[in-house]
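Notes for the one structure printed next.
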Amino acid sequence: MIQVRRARPEELPIASAIYQKVLRETFTWLPAASHNAQVFLRDAREEDIFVAVVERRIAGVAALYRRDSFLHSLYVDVRGAGVGKALLDHVAAAAPNALSLKCQTANAGARAFYAREGFREVAEGNDGVPWVRLERPSTAWS
């Protein structure tokens, strides 16, 4: 069973370690040194952090910038077990409006995941790394 809940302060180092680990394993098109747990901890001061717990172990983390209903991070240490979907559904329910996010263009796996979950690519950009902005109409999850 997957339990999703707000992270406790003492769990933030674990969440940041998952963030760093998954980025380094997944975002192979970027230098590993560019993925730093301290970035997650810095951003967490302004975000709602949620964890997915499976068998008393944190298996994934998501960060919501509530003011903009913006999913800033979703990283899963245990793939293929529904952890990402559980986190996404929880964050979408916690967001005050329809959820949006940015995804690096090269991250084909994440883009496919979000497409399956009802997100549409609505914009493109490049802030040093090409990305797409995705939005999910509120009717997709209400």
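FYI, nothing fancy with the structure tokens labels: chains A, B, ... in order, residues from 1 per chain, ligands from 1 as they appear.
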Handout entry: Members of chain A assigned strand (DSSP E or B) by DSSP, as a PyMOL selection string
Key = chain A and resi 2-6+48-54+57-65+70-76+100-104+120-126+130-135
Exercise for the section: Can you check which residues of stretch 37-91 of chain A DSSP gives as helix (DSSP H, G or I) on the backbone and send them as an NGL selection string? Expected result: :A and (37-44 or 66-68 or 83-91)
Exercise for the section: Could you give me, as a list of chain:residue names, the residues within 10 Å of A:Gly60, counting only C-alpha atoms and dropping anything in the same chain fewer than 2 positions from it? Expected result: A:Val4, A:Ile14, A:Ala15, A:Ile18, A:Tyr19, A:Val22, A:Phe50, A:Val51, A:Ala52, A:Val53, A:Val54, A:Arg57, A:Ile58, A:Ala62, A:Leu74, A:Tyr75, A:Val76, A:Asp77, A:Val78, A:Arg79, A:Val83, A:Gly84, A:Ala86, A:Leu87
Excluding A:Ala94 and residues on its chain fewer than 5 positions from it, collect all residues at most 12 Å away from it, counting only C-alpha atoms, and give them as a PDB file with N, CA and C atoms, in the first residue's frame.
ATOM      1  N   VAL A   4       0.558   8.542   0.860  1.00  0.00           N
ATOM      2  CA  VAL A   4       1.118   9.840   0.483  1.00  0.00           C
ATOM      3  C   VAL A   4       0.701  10.843   1.542  1.00  0.00           C
ATOM      4  N   ARG A   5       1.659  11.612   2.013  1.00  0.00           N
ATOM      5  CA  ARG A   5       1.404  12.599   3.052  1.00  0.00           C
ATOM      6  C   ARG A   5       2.446  13.698   2.968  1.00  0.00           C
ATOM      7  N   ARG A   6       2.193  14.760   3.703  1.00  0.00           N
ATOM      8  CA  ARG A   6       3.151  15.858   3.778  1.00  0.00           C
ATOM      9  C   ARG A   6       4.415  15.351   4.476  1.00  0.00           C
ATOM     10  N   ASP A  48       5.273  23.021  -0.728  1.00  0.00           N
ATOM     11  CA  ASP A  48       4.700  21.937   0.058  1.00  0.00           C
ATOM     12  C   ASP A  48       5.345  20.646  -0.441  1.00  0.00           C
ATOM     13  N   ILE A  49       5.987  19.921   0.454  1.00  0.00           N
ATOM     14  CA  ILE A  49       6.691  18.687   0.086  1.00  0.00           C
ATOM     15  C   ILE A  49       5.862  17.500   0.559  1.00  0.00           C
ATOM     16  N   PHE A  50       5.645  16.571  -0.355  1.00  0.00           N
ATOM     17  CA  PHE A  50       4.902  15.356  -0.056  1.00  0.00           C
ATOM     18  C   PHE A  50       5.800  14.145  -0.297  1.00  0.00           C
ATOM     19  N   ALA A  62       7.388  14.656  -3.959  1.00  0.00           N
ATOM     20  CA  ALA A  62       6.829  15.656  -4.865  1.00  0.00           C
ATOM     21  C   ALA A  62       6.814  17.000  -4.154  1.00  0.00           C
ATOM     22  N   ALA A  63       7.013  18.062  -4.933  1.00  0.00           N
ATOM     23  CA  ALA A  63       7.013  19.415  -4.385  1.00  0.00           C
ATOM     24  C   ALA A  63       5.999  20.255  -5.157  1.00  0.00           C
ATOM     25  N   LEU A  64       5.118  20.900  -4.419  1.00  0.00           N
ATOM     26  CA  LEU A  64       4.071  21.744  -4.990  1.00  0.00           C
ATOM     27  C   LEU A  64       4.316  23.191  -4.597  1.00  0.00           C
ATOM     28  N   TYR A  65       4.416  24.051  -5.606  1.00  0.00           N
ATOM     29  CA  TYR A  65       4.433  25.487  -5.371  1.00  0.00           C
ATOM     30  C   TYR A  65       2.971  25.904  -5.415  1.00  0.00           C
ATOM     31  N   ARG A  66       2.355  25.903  -4.232  1.00  0.00           N
ATOM     32  CA  ARG A  66       0.898  26.021  -4.101  1.00  0.00           C
ATOM     33  C   ARG A  66       0.333  27.289  -4.749  1.00  0.00           C
ATOM     34  N   ARG A  67       0.990  28.412  -4.579  1.00  0.00           N
ATOM     35  CA  ARG A  67       0.455  29.681  -5.075  1.00  0.00           C
ATOM     36  C   ARG A  67       0.106  29.604  -6.567  1.00  0.00           C
ATOM     37  N   ASP A  68       0.917  28.887  -7.344  1.00  0.00           N
ATOM     38  CA  ASP A  68       0.693  28.769  -8.785  1.00  0.00           C
ATOM     39  C   ASP A  68       0.158  27.404  -9.201  1.00  0.00           C
ATOM     40  N   SER A  69      -0.173  26.544  -8.233  1.00  0.00           N
ATOM     41  CA  SER A  69      -0.595  25.164  -8.536  1.00  0.00           C
ATOM     42  C   SER A  69       0.411  24.509  -9.473  1.00  0.00           C
ATOM     43  N   PHE A  70       1.695  24.697  -9.152  1.00  0.00           N
ATOM     44  CA  PHE A  70       2.790  24.253 -10.016  1.00  0.00           C
ATOM     45  C   PHE A  70       3.529  23.088  -9.364  1.00  0.00           C
ATOM     46  N   LEU A  71       3.538  21.963 -10.048  1.00  0.00           N
ATOM     47  CA  LEU A  71       4.292  20.799  -9.590  1.00  0.00           C
ATOM     48  C   LEU A  71       5.760  21.033  -9.943  1.00  0.00           C
ATOM     49  N   LEU A  87       1.543  10.001  -5.979  1.00  0.00           N
ATOM     50  CA  LEU A  87       2.028  11.346  -5.650  1.00  0.00           C
ATOM     51  C   LEU A  87       1.327  12.395  -6.497  1.00  0.00           C
ATOM     52  N   LEU A  88       1.237  12.153  -7.788  1.00  0.00           N
ATOM     53  CA  LEU A  88       0.608  13.113  -8.693  1.00  0.00           C
ATOM     54  C   LEU A  88      -0.851  13.357  -8.310  1.00  0.00           C
ATOM     55  N   ASP A  89      -1.592  12.297  -8.038  1.00  0.00           N
ATOM     56  CA  ASP A  89      -2.996  12.444  -7.655  1.00  0.00           C
ATOM     57  C   ASP A  89      -3.130  13.227  -6.356  1.00  0.00           C
ATOM     58  N   LEU A  99      -3.430  21.749 -12.088  1.00  0.00           N
ATOM     59  CA  LEU A  99      -1.995  21.574 -11.929  1.00  0.00           C
ATOM     60  C   LEU A  99      -1.248  21.828 -13.235  1.00  0.00           C
ATOM     61  N   TRP A 141      -9.306  15.472 -13.425  1.00  0.00           N
ATOM     62  CA  TRP A 141      -9.153  14.831 -12.110  1.00  0.00           C
ATOM     63  C   TRP A 141     -10.270  15.160 -11.148  1.00  0.00           C
TER      64      TRP A 141
END
